[in-house]
Every structure is written in C-alpha cells, then in structure tokens.
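structure.cif (mmCIF, C-alpha atoms)
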```
data_my_file
#
loop_
_atom_site.label_atom_id
_atom_site.label_comp_id
_atom_site.auth_asym_id
_atom_site.auth_seq_id
_atom_site.Cartn_x
_atom_site.Cartn_y
_atom_site.Cartn_z
CA MET M 25 47.40 -10.21 63.01
CA LYS M 26 46.18 -6.89 61.91
CA ASN M 27 46.66 -5.49 65.41
CA THR M 28 50.11 -6.91 65.57
CA ARG M 29 50.97 -5.05 62.35
CA TYR M 30 49.73 -1.80 63.80
CA LEU M 31 51.79 -2.32 66.94
CA LEU M 32 54.86 -3.02 64.87
CA LEU M 33 54.32 0.09 62.76
CA GLY M 34 53.78 2.17 65.91
CA SER M 35 57.00 0.87 67.40
CA LEU M 36 58.90 1.68 64.23
CA PHE M 37 57.37 5.14 64.13
CA ALA M 38 58.33 5.81 67.75
CA ALA M 39 61.84 4.63 67.12
CA SER M 40 62.13 6.88 64.09
CA CYS M 41 60.88 9.79 66.18
CA LEU M 42 63.53 9.05 68.75
CA VAL M 43 66.15 9.09 66.03
CA VAL M 44 64.76 12.25 64.47
CA GLY M 45 64.31 13.77 67.91
CA SER M 46 67.89 12.93 68.73
CA VAL M 47 69.04 14.66 65.57
CA GLY M 48 66.63 17.43 66.21
CA CYS M 49 67.96 17.82 69.71
CA GLY M 50 71.42 18.08 68.28
CA ASP M 51 70.22 20.81 65.93
CA ASP M 52 68.50 22.55 68.83
CA ASP M 53 71.72 22.40 70.83
CA GLU M 54 73.61 24.02 67.97
CA ASP M 55 70.86 26.58 67.54
CA ASP M 56 70.92 27.25 71.24
CA GLY M 57 74.66 27.55 71.18
CA GLY M 58 74.41 29.94 68.28
CA GLY M 59 71.81 31.89 70.13
CA THR M 60 73.97 32.01 73.16
CA GLY M 61 76.86 33.14 71.05
CA ALA M 62 74.76 35.89 69.51
CA THR M 63 73.63 36.96 72.89
CA GLY M 64 77.18 36.94 74.10
CA ALA M 65 78.25 38.97 71.10
CA THR M 66 75.45 41.41 71.74
CA THR M 67 76.41 41.67 75.37
CA SER M 68 80.04 42.11 74.50
CA SER M 69 79.15 44.70 71.90
CA SER M 70 76.94 46.54 74.35
CA SER M 71 79.61 46.34 77.01
CA GLY M 72 82.26 47.55 74.62
CA ALA M 73 80.09 50.36 73.40
CA GLY M 74 79.32 51.33 76.98
CA ASN M 75 82.96 51.29 77.97
CA SER M 76 83.90 53.26 74.91
CA GLY M 77 81.16 55.74 75.62
CA ASN M 78 82.17 56.00 79.25
CA GLU M 79 85.80 56.56 78.38
CA GLY M 80 84.82 59.27 75.96
CA GLY M 81 82.45 60.80 78.46
CA THR M 82 84.96 60.88 81.26
CA GLY M 83 87.68 62.57 79.27
CA SER M 84 89.09 65.46 81.28
CA GLY M 85 88.85 68.94 79.87
CA GLY M 86 91.56 71.57 80.04
CA ASP M 87 92.53 73.07 83.35
CA PRO M 88 90.07 75.71 84.50
CA GLY M 89 91.22 79.12 83.36
CA THR M 90 92.08 81.61 86.02
CA GLY M 91 90.61 85.07 85.75
CA GLY M 92 93.03 87.86 85.12
CA THR M 93 93.82 90.02 88.11
CA GLY M 94 92.90 93.64 87.96
CA GLY M 95 95.68 96.10 87.40
CA THR M 96 96.97 97.89 90.44
CA ALA M 97 98.22 101.43 90.59
CA GLU M 98 101.96 101.70 90.97
CA GLU M 99 103.09 102.55 94.50
CA PRO M 100 104.17 106.19 94.86
CA THR M 101 107.90 106.67 95.41
CA CYS M 102 110.05 109.44 96.84
CA ALA M 103 112.15 109.46 93.67
CA ASP M 104 109.07 110.25 91.57
CA TYR M 105 107.85 112.82 94.07
CA CYS M 106 111.14 114.71 94.32
CA ALA M 107 111.71 114.74 90.57
CA THR M 108 108.19 116.07 90.01
CA VAL M 109 108.11 118.73 92.73
CA GLU M 110 111.57 120.03 91.84
CA GLN M 111 110.51 120.38 88.21
CA ASN M 112 107.16 122.08 88.84
CA CYS M 113 107.84 124.20 91.95
CA THR M 114 110.64 126.69 91.37
CA ASN M 115 111.81 130.18 92.36
CA GLU M 116 109.62 131.60 95.16
CA LEU M 117 107.60 128.34 95.16
CA ASP M 118 110.67 126.11 95.55
CA GLN M 119 109.95 123.63 98.34
CA TRP M 120 113.40 122.04 98.71
CA GLY M 121 116.23 124.07 97.24
CA VAL M 122 119.74 122.77 96.65
CA THR M 123 121.49 123.82 99.84
CA LEU M 124 121.84 120.21 100.96
CA PRO M 125 121.40 117.69 98.16
CA GLY M 126 119.13 114.81 99.12
CA MET M 127 116.96 116.77 101.56
CA CYS M 128 113.80 116.00 99.60
CA GLU M 129 114.39 112.25 99.36
CA ALA M 130 115.51 111.95 103.00
CA THR M 131 112.52 113.89 104.34
CA CYS M 132 110.09 112.05 102.08
CA ALA M 133 111.34 108.75 103.51
CA ALA M 134 109.88 109.78 106.88
CA TRP M 135 106.35 110.03 105.45
CA GLU M 136 103.91 107.16 105.15
CA VAL M 137 103.81 105.89 101.58
CA GLY M 138 100.04 105.90 101.17
CA THR M 139 98.61 105.24 97.72
CA ALA M 140 98.69 106.86 94.30
CA ALA M 141 95.04 107.84 94.84
CA ASP M 142 95.76 110.02 97.90
CA THR M 143 94.83 113.68 97.56
CA MET M 144 94.86 114.40 101.31
CA GLY M 145 96.91 113.19 104.27
CA ASN M 146 100.62 113.43 105.02
CA THR M 147 101.64 110.64 102.63
CA VAL M 148 104.03 110.32 99.72
CA GLY M 149 101.01 109.65 97.53
CA CYS M 150 99.35 112.95 98.46
CA HIS M 151 102.53 115.02 98.08
CA LEU M 152 103.17 113.36 94.70
CA TYR M 153 99.63 114.08 93.53
CA HIS M 154 99.95 117.79 94.32
CA ALA M 155 103.45 117.93 92.88
CA GLY M 156 101.98 116.71 89.60
CA ALA M 157 99.07 119.13 89.86
CA SER M 158 101.63 121.95 90.26
CA ALA M 159 102.55 121.79 86.59
CA GLY M 160 101.98 125.01 84.66
CA ASP M 161 99.26 127.22 86.06
CA GLY M 162 98.72 124.88 89.01
CA ALA M 163 101.96 125.85 90.76
CA ALA M 164 100.57 128.73 92.85
CA MET M 165 97.79 126.57 94.23
CA HIS M 166 99.47 123.20 94.63
CA CYS M 167 103.18 123.72 95.43
CA GLY M 168 102.41 124.48 99.08
CA HIS M 169 100.38 121.25 99.29
CA ALA M 170 103.22 119.32 97.70
CA GLY M 171 105.86 120.73 100.06
CA PRO M 172 106.70 119.69 103.62
CA THR M 173 104.08 121.93 105.26
CA GLY M 174 101.26 120.19 103.37
CA ASP M 175 99.45 123.54 103.51
CA GLY M 176 96.36 121.98 105.09
CA MET M 177 95.94 119.36 102.35
CA CYS M 178 98.76 116.83 102.73
CA GLY M 179 98.46 116.80 106.51
CA ALA M 180 95.91 118.44 108.78
CA THR M 181 98.10 121.37 109.83
CA PRO M 182 101.65 122.62 109.17
CA CYS M 183 102.49 122.12 112.87
CA GLY M 184 101.14 118.57 112.70
CA ASN M 185 103.50 117.85 109.80
CA PHE M 186 106.38 119.59 111.57
CA CYS M 187 105.99 117.57 114.76
CA GLU M 188 105.51 114.31 112.89
CA LEU M 189 108.81 114.90 111.09
CA ALA M 190 110.54 116.08 114.27
CA ALA M 191 109.65 112.86 116.09
CA THR M 192 111.23 110.82 113.29
CA ILE M 193 114.15 112.96 112.15
CA CYS M 194 115.11 114.65 115.45
CA PRO M 195 113.80 112.31 118.16
CA GLY M 196 114.15 113.66 121.69
CA THR M 197 114.40 117.29 120.62
CA PHE M 198 110.98 117.90 122.15
CA ALA M 199 109.77 116.09 125.28
CA ASP M 200 106.77 114.67 123.41
CA ASP M 201 104.33 115.51 120.64
CA GLY M 202 102.34 117.77 122.95
CA ALA M 203 105.44 119.82 123.80
CA CYS M 204 106.31 120.06 120.11
CA MET M 205 102.82 121.26 119.17
CA THR M 206 102.88 123.85 121.97
CA ALA M 207 106.24 125.18 120.78
CA CYS M 208 105.16 125.19 117.14
CA ASP M 209 101.97 127.09 117.91
CA GLY M 210 104.20 129.90 119.16
CA PHE M 211 106.25 130.16 115.94
CA ASP M 212 105.56 133.04 113.55
CA MET M 213 103.54 131.61 110.65
CA ALA M 214 103.31 134.83 108.65
CA GLN M 215 106.14 133.95 106.30
CA VAL M 216 105.02 131.65 103.48
CA TYR M 217 107.32 128.64 103.44
CA ASN M 218 109.86 128.08 100.73
CA ALA M 219 113.33 126.55 100.67
CA ASP M 220 115.05 129.95 100.99
CA GLN M 221 113.85 130.45 104.58
CA THR M 222 117.12 129.54 106.30
CA GLY M 223 117.01 132.35 108.89
CA GLY M 224 114.54 134.45 110.84
CA ASP M 225 112.46 133.73 113.93
CA THR M 226 109.74 131.94 112.00
CA PHE M 227 108.11 128.59 111.52
CA ALA M 228 109.47 128.56 107.97
CA CYS M 229 113.07 128.80 109.20
CA ARG M 230 112.61 125.95 111.66
CA LEU M 231 110.92 123.74 109.09
CA TYR M 232 113.75 124.34 106.63
CA HIS M 233 116.29 123.21 109.24
CA LEU M 234 114.14 120.23 110.13
CA THR M 235 114.21 119.02 106.51
CA ALA M 236 117.98 119.72 106.41
CA ALA M 237 118.35 117.56 109.53
CA ALA M 238 117.15 114.59 107.49
CA VAL M 239 120.63 114.56 105.89
CA ASP M 240 122.61 116.38 108.60
CA GLU M 241 121.39 115.91 112.16
CA SER M 242 123.29 118.97 113.41
CA HIS M 243 120.33 120.99 112.10
CA CYS M 244 118.10 119.49 114.82
CA ALA M 245 119.45 122.16 117.20
CA HIS M 246 117.91 124.84 114.98
CA ILE M 247 114.29 123.71 115.16
CA VAL M 248 113.55 124.56 118.82
CA GLU M 249 112.08 127.76 120.25
CA ALA M 250 115.46 129.04 121.37
CA SER M 251 117.18 128.26 118.08
CA THR M 252 120.20 130.58 117.74
CA THR M 253 120.05 130.24 113.95
CA CYS M 254 116.36 131.09 113.59
CA THR M 255 116.20 133.74 116.34
CA GLY M 256 119.47 135.38 115.55
CA ASN M 257 120.28 135.37 119.25
CA PRO M 258 123.54 133.76 120.40
#
```
Could you show the structure in this file as structure tokens?
Amino acid sequence: MKNTRYLLLGSLFAASCLVVGSVGCGDDDEDDGGGTGATGATTSSSSGAGNSGNEGGTGSGGDPGTGGTGGTAEEPTCADYCATVEQNCTNELDQWGVTLPGMCEATCAAWEVGTAADTMGNTVGCHLYHAGASAGDGAAMHCGHAGPTGDGMCGATPCGNFCELAATICPGTFADDGACMTACDGFDMAQVYNADQTGGDTFACRLYHLTAAAVDESHCAHIVEASTTCTGNP
C-alpha cells in the first residue's frame, strides 16, 4: 500500500514536471526568439554601421588639381623688331631708312622666327634682341647686329645673310647658293652698311637693294655683280 502511494506520488510529480517543462519550454522558445531577435538586431546594426562606414569611406574627393603650366616667353615678331630697331638705330646707324616703307617688315618675314632667347643666329629673335640692346650707348655696338648684315652675330657672315635673303626674296637671281657666295665674296666690304647705301660698287649697295626687293622685286636686278645701279656702269 505504501509502495503504491509512492508510485502514485511519483506519477503525479512526473506529470507536473511535464506540465512545468511544457511551460518552461514555451518560455525557452520565447527567450530563444528574443535572443534571435537581439542577434538579428545586432547583425542589422553591424551591417548598417558597416554600410554607413563604407559609404562614408568611399566618398569621392574633388577632382585632382592640375599643376599650373610654366609661363612661356612671347614669340618675337617683326612688328616688335622693326619698331625697336627704327627707334634705337638712327642717322649713320640707320639699318632700314624710309626710302621704301615696309622694307623692314618684308625682309624680316624672310628670316626664321627663332625664340626670344636668341642672341646669335639669323632669326627674328636675335635681331630683336640686338635691336633692344641698341638703346642709348649700345647703338654703336649692336645696331650692326640688329640690321640685315647681322654683323657676325645674327648670322655667321654678312654674305651668308645676303645669300639666304636672295634665295627667298629674289629666287633664281643666282644659279645656286654657291654661285651667290662666290659673287658676294667679290663685293667690296669696306663700306659699313647703313640704309643710305643706295649706290656704289659695294656689298652695302647690293644689300640695300636686296632689302628693297622685298617690297619691289624690280630691285632684284641690282644685287648681282654686274648691277648697273651699284656699279654705275650702263
């Protein structure tokens, strides 16, 4: 009887545990669900924070700045050259005169432009440099360099400058550059060139007429060895 009571109590206890366990399992399910929700929230929060951080991190900056380009010297021009040489080289140092307006610009156009840094060579840049250096006390030294002969600075030799111009301004007047140089070597170089040398059997006379030919091609006939104008012989 006593054993039967114990069995009955054990059965009741087991049944109560099942009931409590069932309730407990329900609580555990809710707890687990809550835990899952917390985990989900944490994951979502982490994901959101990561995305936010990534978006912030990948923001594009401003366009890369481009470095400024260095300044470049202005290209020398015949207008600047002629204005400068005509102002600084006057009287017996006049390189162009006013016999035929435009001679300077037209002759200058036959030269290579060169650069503003040129101090040698038969270029506009070199002639312009020496034209500027002719200001004031520099005229006696630099006007010859600035003029069409180059005077050994703007061009290797006066005959070199002469024949270079002749090939451009009066093409065909000499058979070739060699023939021109041979003829020029025979011209009288004693007379210092200036724009007043319109006559006389000299290099200076022939160079004057060569520069005049830049605006009036009839002057090409006066630059040869047998020039009637420069020899005075009909």
Quiz item: For the atom pair atom CA of Trp120 of chain M and atom CA of Ala219 of chain M, what is the interatomic distance in Å to one decimal place?
Solution: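 Going from atom CA of Trp120 of chain M over to atom CA of Ala219 of chain M, I get 4.9 Å.
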Practice problem: Give me the result of the PyMOL selection byres ((chain M and resi 101) around 8) on this file, residue by residue, as a PyMOL selection string. | Solution: chain M and resi 99-100+102-105+137+148-149
Quiz prompt | Closest of M:Val239, M:Cys106, M:Ala228, M:Met205 to Gly184 of chain M - atom-to-atom distances counting all atoms listed in the file | solution =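 With all atoms listed in the file as the atom set, the closest residue is M:Met205.
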Quiz item: Given the choices M:Met213, M:Leu124, M:Cys254, M:Val109, which gets closest to Pro182 of chain M if the distance is worked out from all atoms listed in the file?
Solution: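 So, comparing all the options, the nearest one is M:Met213.
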Quiz item: atom CA of Asp220 of chain M and atom CA of Phe198 of chain M, how far apart in Å?
Solution: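 Separation between atom CA of Phe198 of chain M and atom CA of Asp220 of chain M: 24.7 Å.
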Exercise. Give as a list of chain:residue names the residues that the PyMOL selection byres ((chain M and resi 166-175) around 6) matches when applied to the coordinates above.
Key: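 Given this file, the PyMOL selection byres ((chain M and resi 166-175) around 6) evaluates to M:Cys113, M:Gln119, M:His151, M:His154, M:Ala155, M:Ser158, M:Gly162, M:Ala163, M:Ala164, M:Met165, M:Gly176, M:Met177, M:Cys178, M:Gly179, M:Pro182.
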Quiz prompt | Explicit residue set for the PyMOL selection byres ((chain M and resi 240) around 12), as a PyMOL selection string | solution = chain M and resi 123-127+130-131+193-194+233-239+241-246
Quiz item: Do you have the atom CA of Thr114 of chain M-atom CA of Glu129 of chain M distance handy?
Solution: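 Computing the Euclidean distance for atom CA of Thr114 of chain M and atom CA of Glu129 of chain M yields 16.9 Å.
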Using all atoms listed in the file, collect all residues at a distance of at most 8 Å from (107.0, 111.7, 112.2) as written in the file, then present them as a PDB file with C-alpha atoms, in the frame of the given file.
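What follows is the written file part-v8.pdb:
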```
ATOM      1  CA  ALA M 134     109.880 109.780 106.880  1.00  0.00           C
ATOM      2  CA  TRP M 135     106.350 110.030 105.450  1.00  0.00           C
ATOM      3  CA  ASN M 185     103.500 117.850 109.800  1.00  0.00           C
ATOM      4  CA  PHE M 186     106.380 119.590 111.570  1.00  0.00           C
ATOM      5  CA  CYS M 187     105.990 117.570 114.760  1.00  0.00           C
ATOM      6  CA  GLU M 188     105.510 114.310 112.890  1.00  0.00           C
ATOM      7  CA  LEU M 189     108.810 114.900 111.090  1.00  0.00           C
ATOM      8  CA  ALA M 190     110.540 116.080 114.270  1.00  0.00           C
ATOM      9  CA  ALA M 191     109.650 112.860 116.090  1.00  0.00           C
ATOM     10  CA  THR M 192     111.230 110.820 113.290  1.00  0.00           C
ATOM     11  CA  ILE M 193     114.150 112.960 112.150  1.00  0.00           C
TER      12      ILE M 193
END
```
Practice problem: Considering all atoms listed in the file, state which residue in the set M:Cys208, M:Thr139, M:Asn112, M:Val122 is at the smallest distance from Asp161 of chain M. | Solution: M:Asn112
Non-local contacts of Val248 of chain M (8 Å; all atoms listed in the file; under 5 positions in same chain excluded) as a tab-separated table (two decimals) with C-alpha atoms, keeping the file's coordinate frame:
```tsv
chain	number	residue	atom	x	y	z
M	197	THR	CA	114.40	117.29	120.62
M	198	PHE	CA	110.98	117.90	122.15
M	207	ALA	CA	106.24	125.18	120.78
M	230	ARG	CA	112.61	125.95	111.66
```
Practice problem: Measuring atom to atom with only C-alpha atoms, identify which of M:Gly210, M:Cys132, M:Thr143, M:Ile247 is nearest to Gly196 of chain M. | Solution: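 Closest residue, counting only C-alpha atoms: M:Ile247.
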